[in-house]
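Everything on this sheet refers to the single structure shown next.
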Amino acid sequence: MDPETAGGAAERHLIRYSGKAAFTSEVIARAAGTSVFTESGRELLDFTSGQMSAILGHSHPAIVATVRDQVAHLDHLHSGMLSRPVIDLSRRLAESLPDPLEKALLLTTGAEANEAAVRMAKLVTGRHEVVSFARSWHGMTQAAANATYSAGRKGYGPAAPGNFALPVPDRFHPEIVDADGSLDWRRQLDMGFDLIDAQSVGSLAACLVEPILSSGGVIELPPGYLAALARKCRERDMLLILDEAQTGLCRTGDWYAFEAEGVVPDILTLSKTLGAGLPLAAVLTSAEIEQRAHDLGFLFFTTHVSDPLPAAVGNTVLDVLVRDHLDKRARDLGAALRDGLDELATRHEVIGDVRGRGLLLGVELVGDQVLGEGGADRLGAAVTRRCFDLGLHMNIVQLPGMGGTFRIAPPLTASDDEIARGVAILDQALTDAVRGL
């Protein structure tokens, strides 16, 4: 099927699921390492790791070998049956985490993991109210979608009662400032919980947040914020749930992003990076919380809970992360990428901010200031298209009141040359797009 025919078939037969965003203009035929290849033979550097997931790159030999072996040996079981890959992965995840996170539930997607985590928190606390950031993204299933504020809330009827939005501590767009004009996140956090307390009916169960908001514009929480948030939760007997779908397993340079703050959540959710591109997610919590949930009859049966095939892949992901010291690689490669992006910011006035940690970085455009109202949206779309034309796949987040922010998350296995090539393409795309507008 030629590309034009394939595009026509997609238009006729695919339900469009990305809001107003369009599918890419070319059909992808294969992928390897840091690149994807179109049916027309073009190579695109993948600076999104698929859907921010393929931390080992595409078609990693160890993952390919595991899938081939495991699918021929044991791929799927009744949800009440256990296999060796599931038992091993649960143990190894627990061993990679600080106490008391030692109990694991293996699922498929981040939304499903967050659904299970919120369900567990509501059961063990006997309450129903959930707090999350005002630019959060936790998934599109019921509880996860109700805790998601960055998109997808309008037009679907009433949300579940008891969901509250907490202001985002965005240092580039500070809502509350101190005498120096910098973000006063402590006062912002206090005011946020004052409002939550005023609205609560006394049934606060959990706070669900990302250590770095990705779809919210790659917002890294200020130093000390996570510890202060944990104290707010303890004061109200709420459980702290951290969603490390995109930050977990070495992407930020630490095995888990929360380690940088010395804060251990009550419940941790993993997905995306755990399967390195395959559908695998996990919920981890303490033995105490798990026991309370079990005593109360915790129920989260799904068709693919504890499936052996994705669990085997998860074990291989851990093998490669440890063997190749990819936490250090993410720090080193992230520093090189950050240096390149910071240098671009000195030459392109439309770059307002570069931020993030390790290999999860954001570049915020300030097109409105340079090109007038609506300039950031036009510029972001133009730069994205031009990057694609030049051989680089980029993802941009565009939220009301913000410039467009590129989420840059190459695989941890990318080469130094690939990082440099991606920065060079972005440089050219920015130049061409601004000139074209």
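By order of appearance in the structure tokens: chains A, B, ..., then residues from 1 within every chain, and ligands from 1 in the order shown.
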
Could you make a table, as JSON lines, of the residues of range 209-314 of chain A that have an atom within 12 Å of an atom of range 332-348 of chain A, each with its nearest atom pair and distance in Å to one decimal, counting only C-alpha atoms, in chain and number order?
{"residue": "A:Cys250", "atom": "CA", "partner": "A:Gly334", "partner_atom": "CA", "distance": 11.2}
{"residue": "A:Arg251", "atom": "CA", "partner": "A:Gly334", "partner_atom": "CA", "distance": 9.0}
{"residue": "A:Thr252", "atom": "CA", "partner": "A:Gly334", "partner_atom": "CA", "distance": 8.2}
{"residue": "A:Gly253", "atom": "CA", "partner": "A:Gly334", "partner_atom": "CA", "distance": 8.0}
{"residue": "A:Asp254", "atom": "CA", "partner": "A:Asp332", "partner_atom": "CA", "distance": 11.7}

| field | All strand (DSSP E) residues (DSSP, backbone) inside range 296-437 of chain A, as a ChimeraX atom specification | value | /A:351-357,360-365,392-393,395-397,405-408

| said: Neighbouring residues of Ser18 in chain A were defined as those with any atom within 12 Å, considering only C-alpha atoms; residues of the same chain fewer than 6 positions away were excluded. Please report them as a count of residues only. | reply: 4

| query | Closest to Leu270 in chain A among A:Asp170, A:Glu244, A:Asp184, A:Glu129, using only C-alpha atoms? | reply |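 Closest to Leu270 in chain A of all the choices is A:Glu244.
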
| task | Return as JSON, numbers by chain the full set of residues in range 13-104 of chain A whose backbone-based DSSP assignment is alpha helix (DSSP H). | result | {"A": [13, 49, 50, 51, 52, 61, 62, 63, 64, 65, 66, 67, 68, 69, 70, 71, 72, 73, 84, 85, 86, 87, 88, 89, 90, 91, 92, 93, 94, 95]}
